[in-house]
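Here's data_9.pdb, which has PDB, C-alpha atoms and all ligand atoms:
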ATOM      1  CA  LYS Q   6       0.000   0.000   0.000  1.00  0.00           C
ATOM      2  CA  ARG Q   7       1.259   3.470  -0.968  1.00  0.00           C
ATOM      3  CA  VAL Q   8       1.155   5.978   1.921  1.00  0.00           C
ATOM      4  CA  ALA Q   9       1.145   9.784   1.747  1.00  0.00           C
ATOM      5  CA  ILE Q  10       1.773  11.664   4.996  1.00  0.00           C
ATOM      6  CA  LEU Q  11       0.500  15.225   5.495  1.00  0.00           C
ATOM      7  CA  LEU Q  12       2.098  17.453   8.130  1.00  0.00           C
ATOM      8  CA  SER Q  13       2.474  21.074   9.191  1.00  0.00           C
ATOM      9  CA  GLY Q  14       5.311  20.932  11.701  1.00  0.00           C
ATOM     10  CA  GLY Q  15       8.337  19.005  12.906  1.00  0.00           C
ATOM     11  CA  GLY Q  16       7.105  15.651  11.672  1.00  0.00           C
ATOM     12  CA  SER Q  17       8.195  13.395  14.537  1.00  0.00           C
ATOM     13  CA  ASN Q  18       5.171  11.168  13.849  1.00  0.00           C
ATOM     14  CA  MET Q  19       6.040  11.091  10.141  1.00  0.00           C
ATOM     15  CA  VAL Q  20       9.587   9.981  10.920  1.00  0.00           C
ATOM     16  CA  LYS Q  21       8.329   7.069  13.031  1.00  0.00           C
ATOM     17  CA  LEU Q  22       5.797   6.089  10.363  1.00  0.00           C
ATOM     18  CA  VAL Q  23       8.415   6.154   7.578  1.00  0.00           C
ATOM     19  CA  GLU Q  24      10.938   4.218   9.673  1.00  0.00           C
ATOM     20  CA  SER Q  25       8.273   1.626  10.532  1.00  0.00           C
ATOM     21  CA  MET Q  26       7.581   0.876   6.843  1.00  0.00           C
ATOM     22  CA  ARG Q  27      11.013  -0.628   6.226  1.00  0.00           C
ATOM     23  CA  GLY Q  28      11.503  -4.340   5.672  1.00  0.00           C
ATOM     24  CA  ASP Q  29       8.577  -6.729   5.378  1.00  0.00           C
ATOM     25  CA  HIS Q  30       5.637  -4.304   5.707  1.00  0.00           C
ATOM     26  CA  PRO Q  31       2.368  -3.952   3.768  1.00  0.00           C
ATOM     27  CA  ALA Q  32       2.978  -0.237   3.128  1.00  0.00           C
ATOM     28  CA  GLN Q  33       5.596   2.107   1.783  1.00  0.00           C
ATOM     29  CA  PRO Q  34       5.898   5.912   2.046  1.00  0.00           C
ATOM     30  CA  VAL Q  35       5.451   7.653  -1.327  1.00  0.00           C
ATOM     31  CA  LEU Q  36       4.973  11.297  -0.304  1.00  0.00           C
ATOM     32  CA  VAL Q  37       5.322  13.770   2.554  1.00  0.00           C
ATOM     33  CA  LEU Q  38       3.340  16.961   1.937  1.00  0.00           C
ATOM     34  CA  SER Q  39       3.129  20.127   4.012  1.00  0.00           C
ATOM     35  CA  ASN Q  40       1.015  23.279   3.838  1.00  0.00           C
ATOM     36  CA  ASP Q  41       4.029  25.151   5.241  1.00  0.00           C
ATOM     37  CA  SER Q  42       7.275  25.364   3.242  1.00  0.00           C
ATOM     38  CA  THR Q  43       9.220  25.956   6.479  1.00  0.00           C
ATOM     39  CA  ALA Q  44       7.958  22.777   8.188  1.00  0.00           C
ATOM     40  CA  GLY Q  45      10.851  20.844   9.702  1.00  0.00           C
ATOM     41  CA  GLY Q  46       9.189  17.615   8.650  1.00  0.00           C
ATOM     42  CA  LEU Q  47      10.008  18.378   5.014  1.00  0.00           C
ATOM     43  CA  ASP Q  48      13.760  18.314   5.699  1.00  0.00           C
ATOM     44  CA  ARG Q  49      13.397  15.129   7.740  1.00  0.00           C
ATOM     45  CA  ALA Q  50      11.423  13.486   4.930  1.00  0.00           C
ATOM     46  CA  ALA Q  51      14.089  14.453   2.381  1.00  0.00           C
ATOM     47  CA  GLU Q  52      16.770  12.991   4.663  1.00  0.00           C
ATOM     48  CA  LEU Q  53      14.748   9.767   4.725  1.00  0.00           C
ATOM     49  CA  GLY Q  54      14.546   9.755   0.914  1.00  0.00           C
ATOM     50  CA  VAL Q  55      10.797  10.352   0.725  1.00  0.00           C
ATOM     51  CA  PRO Q  56       9.508  12.671  -2.050  1.00  0.00           C
ATOM     52  CA  THR Q  57       8.039  15.919  -0.692  1.00  0.00           C
ATOM     53  CA  GLU Q  58       5.521  18.485  -1.873  1.00  0.00           C
ATOM     54  CA  VAL Q  59       4.422  21.864  -0.473  1.00  0.00           C
ATOM     55  CA  VAL Q  60       1.011  23.401  -1.025  1.00  0.00           C
ATOM     56  CA  ASP Q  61       0.922  26.689   0.860  1.00  0.00           C
ATOM     57  CA  HIS Q  62      -2.602  27.351   2.110  1.00  0.00           C
ATOM     58  CA  ARG Q  63      -2.139  31.125   2.391  1.00  0.00           C
ATOM     59  CA  PRO Q  64      -2.638  32.109  -1.294  1.00  0.00           C
ATOM     60  CA  PHE Q  65      -6.068  30.467  -1.103  1.00  0.00           C
ATOM     61  CA  LYS Q  66      -7.121  32.711   1.810  1.00  0.00           C
ATOM     62  CA  GLY Q  67     -10.566  31.538   2.976  1.00  0.00           C
ATOM     63  CA  ASP Q  68     -11.262  29.376  -0.087  1.00  0.00           C
ATOM     64  CA  ARG Q  69     -10.753  26.026   1.598  1.00  0.00           C
ATOM     65  CA  GLU Q  70     -12.021  24.045  -1.403  1.00  0.00           C
ATOM     66  CA  ALA Q  71      -9.575  25.721  -3.804  1.00  0.00           C
ATOM     67  CA  PHE Q  72      -6.762  24.861  -1.414  1.00  0.00           C
ATOM     68  CA  GLU Q  73      -7.987  21.271  -1.248  1.00  0.00           C
ATOM     69  CA  ARG Q  74      -8.156  20.980  -5.035  1.00  0.00           C
ATOM     70  CA  ALA Q  75      -4.515  22.098  -5.101  1.00  0.00           C
ATOM     71  CA  LEU Q  76      -3.727  19.520  -2.393  1.00  0.00           C
ATOM     72  CA  ILE Q  77      -5.354  16.743  -4.431  1.00  0.00           C
ATOM     73  CA  ALA Q  78      -3.509  17.877  -7.592  1.00  0.00           C
ATOM     74  CA  ALA Q  79      -0.198  17.621  -5.720  1.00  0.00           C
ATOM     75  CA  ILE Q  80      -1.053  14.292  -4.063  1.00  0.00           C
ATOM     76  CA  GLU Q  81      -2.604  12.327  -6.942  1.00  0.00           C
ATOM     77  CA  PRO Q  82       0.533  11.938  -9.112  1.00  0.00           C
ATOM     78  CA  HIS Q  83       1.972   9.919  -6.221  1.00  0.00           C
ATOM     79  CA  ALA Q  84      -1.100   7.642  -6.296  1.00  0.00           C
ATOM     80  CA  PRO Q  85      -1.424   6.953  -2.566  1.00  0.00           C
ATOM     81  CA  ASP Q  86      -3.705   4.232  -1.256  1.00  0.00           C
ATOM     82  CA  ILE Q  87      -3.678   5.679   2.281  1.00  0.00           C
ATOM     83  CA  ILE Q  88      -3.399   9.235   3.628  1.00  0.00           C
ATOM     84  CA  CYS Q  89      -1.919   9.726   7.112  1.00  0.00           C
ATOM     85  CA  LEU Q  90      -2.491  13.122   8.734  1.00  0.00           C
ATOM     86  CA  ALA Q  91       0.328  13.655  11.237  1.00  0.00           C
ATOM     87  CA  GLY Q  92       0.196  17.096  12.755  1.00  0.00           C
ATOM     88  CA  PHE Q  93      -1.568  18.527   9.721  1.00  0.00           C
ATOM     89  CA  MET Q  94      -3.101  21.668  11.149  1.00  0.00           C
ATOM     90  CA  ARG Q  95      -5.645  22.617   8.483  1.00  0.00           C
ATOM     91  CA  ILE Q  96      -9.349  21.863   8.783  1.00  0.00           C
ATOM     92  CA  LEU Q  97     -10.441  19.634   5.885  1.00  0.00           C
ATOM     93  CA  THR Q  98     -13.820  19.960   4.198  1.00  0.00           C
ATOM     94  CA  PRO Q  99     -15.978  17.114   2.853  1.00  0.00           C
ATOM     95  CA  LEU Q 100     -14.422  17.747  -0.603  1.00  0.00           C
ATOM     96  CA  PHE Q 101     -11.034  16.433   0.506  1.00  0.00           C
ATOM     97  CA  ILE Q 102     -12.427  13.935   2.994  1.00  0.00           C
ATOM     98  CA  ASN Q 103     -14.736  12.332   0.409  1.00  0.00           C
ATOM     99  CA  THR Q 104     -11.818  12.022  -2.044  1.00  0.00           C
ATOM    100  CA  TYR Q 105     -10.032   9.806   0.483  1.00  0.00           C
ATOM    101  CA  ALA Q 106     -13.017   8.406   2.345  1.00  0.00           C
ATOM    102  CA  GLY Q 107     -12.251   5.184   4.173  1.00  0.00           C
ATOM    103  CA  ARG Q 108      -8.495   5.471   3.624  1.00  0.00           C
ATOM    104  CA  MET Q 109      -7.447   8.544   5.626  1.00  0.00           C
ATOM    105  CA  LEU Q 110      -6.116   8.385   9.206  1.00  0.00           C
ATOM    106  CA  ASN Q 111      -5.340  11.042  11.783  1.00  0.00           C
ATOM    107  CA  ILE Q 112      -3.608  11.075  15.136  1.00  0.00           C
ATOM    108  CA  HIS Q 113      -5.089  13.264  17.823  1.00  0.00           C
ATOM    109  CA  PRO Q 114      -3.439  13.914  21.204  1.00  0.00           C
ATOM    110  CA  SER Q 115      -6.353  12.971  23.470  1.00  0.00           C
ATOM    111  CA  LEU Q 116      -8.439   9.946  24.414  1.00  0.00           C
ATOM    112  CA  LEU Q 117     -11.303  10.656  22.013  1.00  0.00           C
ATOM    113  CA  PRO Q 118     -14.156  11.325  22.277  1.00  0.00           C
ATOM    114  CA  LYS Q 119     -12.764  13.535  25.054  1.00  0.00           C
ATOM    115  CA  TYR Q 120     -11.030  16.790  24.103  1.00  0.00           C
ATOM    116  CA  ARG Q 121     -11.613  17.166  20.397  1.00  0.00           C
ATOM    117  CA  GLY Q 122      -9.929  20.258  18.943  1.00  0.00           C
ATOM    118  CA  LEU Q 123      -6.876  22.094  20.215  1.00  0.00           C
ATOM    119  CA  HIS Q 124      -4.939  22.512  23.497  1.00  0.00           C
ATOM    120  CA  THR Q 125      -5.927  19.016  24.579  1.00  0.00           C
ATOM    121  CA  HIS Q 126      -3.286  18.610  27.290  1.00  0.00           C
ATOM    122  CA  LYS Q 127      -4.034  21.906  29.029  1.00  0.00           C
ATOM    123  CA  ARG Q 128      -7.746  21.088  28.957  1.00  0.00           C
ATOM    124  CA  ALA Q 129      -7.179  17.619  30.440  1.00  0.00           C
ATOM    125  CA  LEU Q 130      -4.989  19.066  33.204  1.00  0.00           C
ATOM    126  CA  ASP Q 131      -7.477  21.872  33.955  1.00  0.00           C
ATOM    127  CA  ALA Q 132     -10.233  19.263  34.194  1.00  0.00           C
ATOM    128  CA  GLY Q 133      -8.257  17.288  36.762  1.00  0.00           C
ATOM    129  CA  GLU Q 134      -7.979  14.160  34.617  1.00  0.00           C
ATOM    130  CA  THR Q 135      -5.749  11.354  35.912  1.00  0.00           C
ATOM    131  CA  GLN Q 136      -5.212   9.777  32.495  1.00  0.00           C
ATOM    132  CA  ALA Q 137      -4.433  11.235  29.058  1.00  0.00           C
ATOM    133  CA  GLY Q 138      -3.335   9.793  25.763  1.00  0.00           C
ATOM    134  CA  CYS Q 139      -3.699   9.754  21.991  1.00  0.00           C
ATOM    135  CA  THR Q 140      -6.058   8.340  19.407  1.00  0.00           C
ATOM    136  CA  VAL Q 141      -5.669   7.227  15.800  1.00  0.00           C
ATOM    137  CA  HIS Q 142      -8.972   7.405  13.970  1.00  0.00           C
ATOM    138  CA  GLU Q 143     -10.381   7.314  10.443  1.00  0.00           C
ATOM    139  CA  VAL Q 144     -11.054  10.843   9.240  1.00  0.00           C
ATOM    140  CA  THR Q 145     -14.689  11.734   8.630  1.00  0.00           C
ATOM    141  CA  ALA Q 146     -16.412  15.076   8.057  1.00  0.00           C
ATOM    142  CA  GLU Q 147     -16.778  15.643  11.818  1.00  0.00           C
ATOM    143  CA  LEU Q 148     -13.615  17.178  13.316  1.00  0.00           C
ATOM    144  CA  ASP Q 149     -11.595  14.652  15.339  1.00  0.00           C
ATOM    145  CA  ASP Q 150     -14.356  12.093  15.084  1.00  0.00           C
ATOM    146  CA  GLY Q 151     -14.608   8.956  12.962  1.00  0.00           C
ATOM    147  CA  PRO Q 152     -14.044   5.275  13.840  1.00  0.00           C
ATOM    148  CA  ILE Q 153     -11.290   4.799  16.402  1.00  0.00           C
ATOM    149  CA  LEU Q 154      -8.490   2.498  15.210  1.00  0.00           C
ATOM    150  CA  GLY Q 155      -6.252   2.760  18.249  1.00  0.00           C
ATOM    151  CA  GLN Q 156      -5.623   4.494  21.539  1.00  0.00           C
ATOM    152  CA  ALA Q 157      -2.686   4.734  23.921  1.00  0.00           C
ATOM    153  CA  GLN Q 158      -3.174   5.851  27.492  1.00  0.00           C
ATOM    154  CA  VAL Q 159      -0.629   7.555  29.780  1.00  0.00           C
ATOM    155  CA  PRO Q 160      -0.936   8.615  33.425  1.00  0.00           C
ATOM    156  CA  ILE Q 161      -1.050  12.268  34.321  1.00  0.00           C
ATOM    157  CA  GLU Q 162       1.671  12.849  36.935  1.00  0.00           C
ATOM    158  CA  GLU Q 163       1.719  15.223  39.890  1.00  0.00           C
ATOM    159  CA  GLY Q 164       3.068  18.588  38.728  1.00  0.00           C
ATOM    160  CA  ASP Q 165       2.559  17.881  35.027  1.00  0.00           C
ATOM    161  CA  SER Q 166       2.467  20.894  32.724  1.00  0.00           C
ATOM    162  CA  PRO Q 167       0.942  20.797  29.239  1.00  0.00           C
ATOM    163  CA  GLU Q 168       4.506  20.431  27.946  1.00  0.00           C
ATOM    164  CA  THR Q 169       5.501  17.510  30.172  1.00  0.00           C
ATOM    165  CA  LEU Q 170       2.231  15.751  29.436  1.00  0.00           C
ATOM    166  CA  ALA Q 171       2.567  16.406  25.694  1.00  0.00           C
ATOM    167  CA  ALA Q 172       6.029  14.852  25.719  1.00  0.00           C
ATOM    168  CA  ARG Q 173       4.748  11.735  27.503  1.00  0.00           C
ATOM    169  CA  VAL Q 174       1.827  11.414  25.067  1.00  0.00           C
ATOM    170  CA  LEU Q 175       4.027  12.025  22.020  1.00  0.00           C
ATOM    171  CA  LYS Q 176       6.187   9.037  22.950  1.00  0.00           C
ATOM    172  CA  GLN Q 177       3.068   6.884  22.800  1.00  0.00           C
ATOM    173  CA  GLU Q 178       1.961   8.456  19.515  1.00  0.00           C
ATOM    174  CA  HIS Q 179       5.209   7.197  18.041  1.00  0.00           C
ATOM    175  CA  VAL Q 180       4.298   3.657  19.090  1.00  0.00           C
ATOM    176  CA  LEU Q 181       0.582   3.760  18.326  1.00  0.00           C
ATOM    177  CA  TYR Q 182       0.506   5.307  14.862  1.00  0.00           C
ATOM    178  CA  PRO Q 183       2.954   2.837  13.238  1.00  0.00           C
ATOM    179  CA  ALA Q 184       1.142  -0.078  14.886  1.00  0.00           C
ATOM    180  CA  VAL Q 185      -2.229   1.091  13.589  1.00  0.00           C
ATOM    181  CA  LEU Q 186      -0.887   1.853  10.091  1.00  0.00           C
ATOM    182  CA  GLU Q 187       0.595  -1.627   9.708  1.00  0.00           C
ATOM    183  CA  ARG Q 188      -2.704  -3.263  10.615  1.00  0.00           C
ATOM    184  CA  PHE Q 189      -4.762  -0.822   8.523  1.00  0.00           C
ATOM    185  CA  ALA Q 190      -2.523  -1.405   5.477  1.00  0.00           C
ATOM    186  CA  ALA Q 191      -3.048  -5.148   5.921  1.00  0.00           C
ATOM    187  CA  GLY Q 192      -6.812  -4.608   5.924  1.00  0.00           C
ATOM    188  CA  ASN Q 193      -7.325  -5.027   9.676  1.00  0.00           C
ATOM    189  CA  ARG Q 194      -9.520  -2.333  11.204  1.00  0.00           C
ATOM    190  CA  GLU Q 195      -9.860  -3.925  14.642  1.00  0.00           C
ATOM    191  CA  PRO Q 196      -8.993  -1.182  17.166  1.00  0.00           C
ATOM    192  CA  ILE Q 197      -5.985  -1.604  19.474  1.00  0.00           C
ATOM    193  CA  PHE Q 198      -5.589  -0.197  22.966  1.00  0.00           C
ATOM    194  CA  LEU Q 199      -2.167   0.343  24.537  1.00  0.00           C
ATOM    195  CA  GLY Q 200      -2.164   0.724  28.338  1.00  0.00           C
TER     196      GLY Q 200
HETATM  197  C1  LIG X 301       1.248  15.592  17.680  1.00  0.00           C
HETATM  198  O1  LIG X 301       1.086  16.003  19.009  1.00  0.00           O
HETATM  199  C2  LIG X 301      -0.058  15.074  17.173  1.00  0.00           C
HETATM  200  O2  LIG X 301      -0.821  14.445  18.184  1.00  0.00           O
HETATM  201  C3  LIG X 301      -0.742  16.318  16.712  1.00  0.00           C
HETATM  202  O3  LIG X 301       0.263  17.168  16.217  1.00  0.00           O
HETATM  203  C4  LIG X 301       1.494  16.758  16.748  1.00  0.00           C
HETATM  204  C5  LIG X 301       2.356  16.319  15.606  1.00  0.00           C
HETATM  205  O4  LIG X 301       3.660  16.363  16.021  1.00  0.00           O
HETATM  206  N1  LIG X 301      -1.688  15.995  15.681  1.00  0.00           N
HETATM  207  P1  LIG X 301       4.794  15.985  14.936  1.00  0.00           P
HETATM  208  O5  LIG X 301       4.782  17.068  13.877  1.00  0.00           O
HETATM  209  O6  LIG X 301       4.442  14.632  14.384  1.00  0.00           O
HETATM  210  O7  LIG X 301       6.059  15.968  15.746  1.00  0.00           O
END

What do you get writing this file as structure tokens?
Amino acid sequence: KRVAILLSGGGSNMVKLVESMRGDHPAQPVLVLSNDSTAGGLDRAAELGVPTEVVDHRPFKGDREAFERALIAAIEPHAPDIICLAGFMRILTPLFINTYAGRMLNIHPSLLPKYRGLHTHKRALDAGETQAGCTVHEVTAELDDGPILGQAQVPIEEGDSPETLAARVLKQEHVLYPAVLERFAAGNREPIFLG
């Protein structure tokens, strides 16, 4: 299976996904695309030998669909079977989502359905949660919704800040996302739960 990874930032999840697809694996990385030409993940992808593309969202201003048509035009020549969103910070409309319906994954840094949206760690801390974590789900038109394919749970420690919690969760993201992708690429959609 051919995998395209979309990112907006440093790409630590992308690196783990690309590294996981070596050897005997049902998927291979064919593209890393960013909406931001300065994203560190683009350099890391190039270092890993993965083709990259940039589609800057700014020229499209509020015309989300025009931006998404440009995204699709940049993605399609690479003919991906699966799209992995990994820190891709643009809201996607049904136009893009329907193009890749049933074959697009996202990782979100909370135990969905809790804490959809942004600032998930601060919100979990403010709410006095004792557990936090991350979720890989299929992308549907509802933001941070869609069938859950995997979750990893971490304890919230005494004195945690959003930063210390984010770092603990990120470590689990790097385990969860590759595990889910391998199963998904092999046609297995049974969700997994890491303690
Ligand atoms: C991660 O925290 C992920 O949960 C969220 O954005 C961040 C991506 O980080 N979607 P990176 O760019 O993969 O390092």

Which residues, written as a ChimeraX atom specification, have at least one atom at most 8 Å from Q:Gln33, with only C-alpha atoms counted and residues fewer than 5 positions away on the same chain left out?
/Q:6-8,23,26-27

With a cut-off of 6 Å, could you pull out the residues of chain Q touching ligand LIG 301 (chain X) and give me the nearest pair of atoms for each, distance in Å to one decimal, using all atoms listed in the file, ordered by chain and ascending number, as JSON lines?
{"residue": "Q:Gly14", "atom": "CA", "partner": "X:LIG301", "partner_atom": "O5", "distance": 4.5}
{"residue": "Q:Gly15", "atom": "CA", "partner": "X:LIG301", "partner_atom": "O5", "distance": 4.2}
{"residue": "Q:Gly16", "atom": "CA", "partner": "X:LIG301", "partner_atom": "O5", "distance": 3.5}
{"residue": "Q:Ser17", "atom": "CA", "partner": "X:LIG301", "partner_atom": "O7", "distance": 3.6}
{"residue": "Q:Asn18", "atom": "CA", "partner": "X:LIG301", "partner_atom": "O6", "distance": 3.6}
{"residue": "Q:Met19", "atom": "CA", "partner": "X:LIG301", "partner_atom": "O6", "distance": 5.8}
{"residue": "Q:Ala91", "atom": "CA", "partner": "X:LIG301", "partner_atom": "O6", "distance": 5.3}
{"residue": "Q:Gly92", "atom": "CA", "partner": "X:LIG301", "partner_atom": "O3", "distance": 3.5}
{"residue": "Q:Ile112", "atom": "CA", "partner": "X:LIG301", "partner_atom": "N1", "distance": 5.3}
{"residue": "Q:His113", "atom": "CA", "partner": "X:LIG301", "partner_atom": "O2", "distance": 4.4}
{"residue": "Q:Pro114", "atom": "CA", "partner": "X:LIG301", "partner_atom": "O2", "distance": 4.0}
{"residue": "Q:Leu175", "atom": "CA", "partner": "X:LIG301", "partner_atom": "O1", "distance": 5.8}

Same residues, C-alpha atoms, output as a PDB file, in the frame of the given file:
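Output file result-v3.pdb follows:
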ATOM      1  CA  GLY Q  14       5.311  20.932  11.701  1.00  0.00           C
ATOM      2  CA  GLY Q  15       8.337  19.005  12.906  1.00  0.00           C
ATOM      3  CA  GLY Q  16       7.105  15.651  11.672  1.00  0.00           C
ATOM      4  CA  SER Q  17       8.195  13.395  14.537  1.00  0.00           C
ATOM      5  CA  ASN Q  18       5.171  11.168  13.849  1.00  0.00           C
ATOM      6  CA  MET Q  19       6.040  11.091  10.141  1.00  0.00           C
ATOM      7  CA  ALA Q  91       0.328  13.655  11.237  1.00  0.00           C
ATOM      8  CA  GLY Q  92       0.196  17.096  12.755  1.00  0.00           C
ATOM      9  CA  ILE Q 112      -3.608  11.075  15.136  1.00  0.00           C
ATOM     10  CA  HIS Q 113      -5.089  13.264  17.823  1.00  0.00           C
ATOM     11  CA  PRO Q 114      -3.439  13.914  21.204  1.00  0.00           C
ATOM     12  CA  LEU Q 175       4.027  12.025  22.020  1.00  0.00           C
TER      13      LEU Q 175
END

Suppose a student applies the PyMOL selection byres (((chain Q and resi 180) around 12) and not hetatm) to this structure; what residues should they get, written as number ranges by chain?
Q: 17-22, 24-25, 112, 138-141, 155-158, 173-179, 181-187, 197-200

Which residues are close to Q:Leu110, i.e. within 9 Å by all atoms listed in the file, leaving aside same-chain residues fewer than 2 positions away? Reply as a list of chain:residue names.
Q:Ile87, Q:Ile88, Q:Cys89, Q:Leu90, Q:Ala91, Q:Gly107, Q:Arg108, Q:Ile112, Q:Val141, Q:His142, Q:Glu143, Q:Val144, Q:Leu154, Q:Leu186

Store the residues picked out above in a file with C-alpha atoms, as a CSV table (one decimal), in the coordinates of the input.
chain,number,residue,atom,x,y,z
Q,87,ILE,CA,-3.7,5.7,2.3
Q,88,ILE,CA,-3.4,9.2,3.6
Q,89,CYS,CA,-1.9,9.7,7.1
Q,90,LEU,CA,-2.5,13.1,8.7
Q,91,ALA,CA,0.3,13.7,11.2
Q,107,GLY,CA,-12.3,5.2,4.2
Q,108,ARG,CA,-8.5,5.5,3.6
Q,112,ILE,CA,-3.6,11.1,15.1
Q,141,VAL,CA,-5.7,7.2,15.8
Q,142,HIS,CA,-9.0,7.4,14.0
Q,143,GLU,CA,-10.4,7.3,10.4
Q,144,VAL,CA,-11.1,10.8,9.2
Q,154,LEU,CA,-8.5,2.5,15.2
Q,186,LEU,CA,-0.9,1.9,10.1

Quick one: which residues end up in the PyMOL selection byres (((chain Q and resi 127) around 9) and not hetatm) for this structure, as a PDB file with C-alpha atoms, in the coordinates of the input?
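File produced: result04.pdb:
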ATOM      1  CA  HIS Q 124      -4.939  22.512  23.497  1.00  0.00           C
ATOM      2  CA  THR Q 125      -5.927  19.016  24.579  1.00  0.00           C
ATOM      3  CA  HIS Q 126      -3.286  18.610  27.290  1.00  0.00           C
ATOM      4  CA  ARG Q 128      -7.746  21.088  28.957  1.00  0.00           C
ATOM      5  CA  ALA Q 129      -7.179  17.619  30.440  1.00  0.00           C
ATOM      6  CA  LEU Q 130      -4.989  19.066  33.204  1.00  0.00           C
ATOM      7  CA  ASP Q 131      -7.477  21.872  33.955  1.00  0.00           C
ATOM      8  CA  ALA Q 132     -10.233  19.263  34.194  1.00  0.00           C
ATOM      9  CA  SER Q 166       2.467  20.894  32.724  1.00  0.00           C
ATOM     10  CA  PRO Q 167       0.942  20.797  29.239  1.00  0.00           C
ATOM     11  CA  GLU Q 168       4.506  20.431  27.946  1.00  0.00           C
ATOM     12  CA  LEU Q 170       2.231  15.751  29.436  1.00  0.00           C
TER      13      LEU Q 170
END

Would you kindly place N, CA, C and O atoms on stretch 82-95 of chain Q and return the model as a CSV table (one decimal), in the frame of the given file?
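Here's the written file selection.csv:
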chain,number,residue,atom,x,y,z
Q,82,PRO,N,-0.6,12.6,-8.3
Q,82,PRO,CA,0.5,11.9,-9.1
Q,82,PRO,C,1.3,10.9,-8.3
Q,82,PRO,O,1.9,10.0,-8.9
Q,83,HIS,N,1.3,10.9,-7.0
Q,83,HIS,CA,2.0,9.9,-6.2
Q,83,HIS,C,1.1,8.7,-5.9
Q,83,HIS,O,1.5,7.7,-5.3
Q,84,ALA,N,-0.2,8.8,-6.4
Q,84,ALA,CA,-1.1,7.6,-6.3
Q,84,ALA,C,-1.1,6.9,-4.9
Q,84,ALA,O,-0.9,5.7,-4.9
Q,85,PRO,N,-1.4,7.6,-3.9
Q,85,PRO,CA,-1.4,7.0,-2.6
Q,85,PRO,C,-2.7,6.1,-2.4
Q,85,PRO,O,-3.7,6.5,-2.9
Q,86,ASP,N,-2.5,5.0,-1.6
Q,86,ASP,CA,-3.7,4.2,-1.3
Q,86,ASP,C,-4.2,4.7,0.1
Q,86,ASP,O,-5.4,4.5,0.4
Q,87,ILE,N,-3.3,5.2,0.9
Q,87,ILE,CA,-3.7,5.7,2.3
Q,87,ILE,C,-3.1,7.1,2.5
Q,87,ILE,O,-2.0,7.3,2.1
Q,88,ILE,N,-3.9,7.9,3.2
Q,88,ILE,CA,-3.4,9.2,3.6
Q,88,ILE,C,-3.3,9.2,5.1
Q,88,ILE,O,-4.2,8.8,5.8
Q,89,CYS,N,-2.1,9.6,5.7
Q,89,CYS,CA,-1.9,9.7,7.1
Q,89,CYS,C,-1.7,11.2,7.4
Q,89,CYS,O,-0.8,11.8,7.0
Q,90,LEU,N,-2.7,11.8,8.2
Q,90,LEU,CA,-2.5,13.1,8.7
Q,90,LEU,C,-1.7,13.0,10.0
Q,90,LEU,O,-2.0,12.2,10.9
Q,91,ALA,N,-0.6,13.7,10.1
Q,91,ALA,CA,0.3,13.7,11.2
Q,91,ALA,C,0.7,15.1,11.6
Q,91,ALA,O,1.8,15.6,11.2
Q,92,GLY,N,-0.1,15.7,12.4
Q,92,GLY,CA,0.2,17.1,12.8
Q,92,GLY,C,-0.1,18.0,11.6
Q,92,GLY,O,0.6,18.9,11.3
Q,93,PHE,N,-1.1,17.7,10.8
Q,93,PHE,CA,-1.6,18.5,9.7
Q,93,PHE,C,-2.6,19.5,10.3
Q,93,PHE,O,-3.7,19.0,10.7
Q,94,MET,N,-2.3,20.8,10.3
Q,94,MET,CA,-3.1,21.7,11.1
Q,94,MET,C,-4.1,22.5,10.4
Q,94,MET,O,-4.4,23.6,10.7
Q,95,ARG,N,-4.6,21.9,9.3
Q,95,ARG,CA,-5.6,22.6,8.5
Q,95,ARG,C,-6.9,21.8,8.6
Q,95,ARG,O,-6.9,20.6,8.5
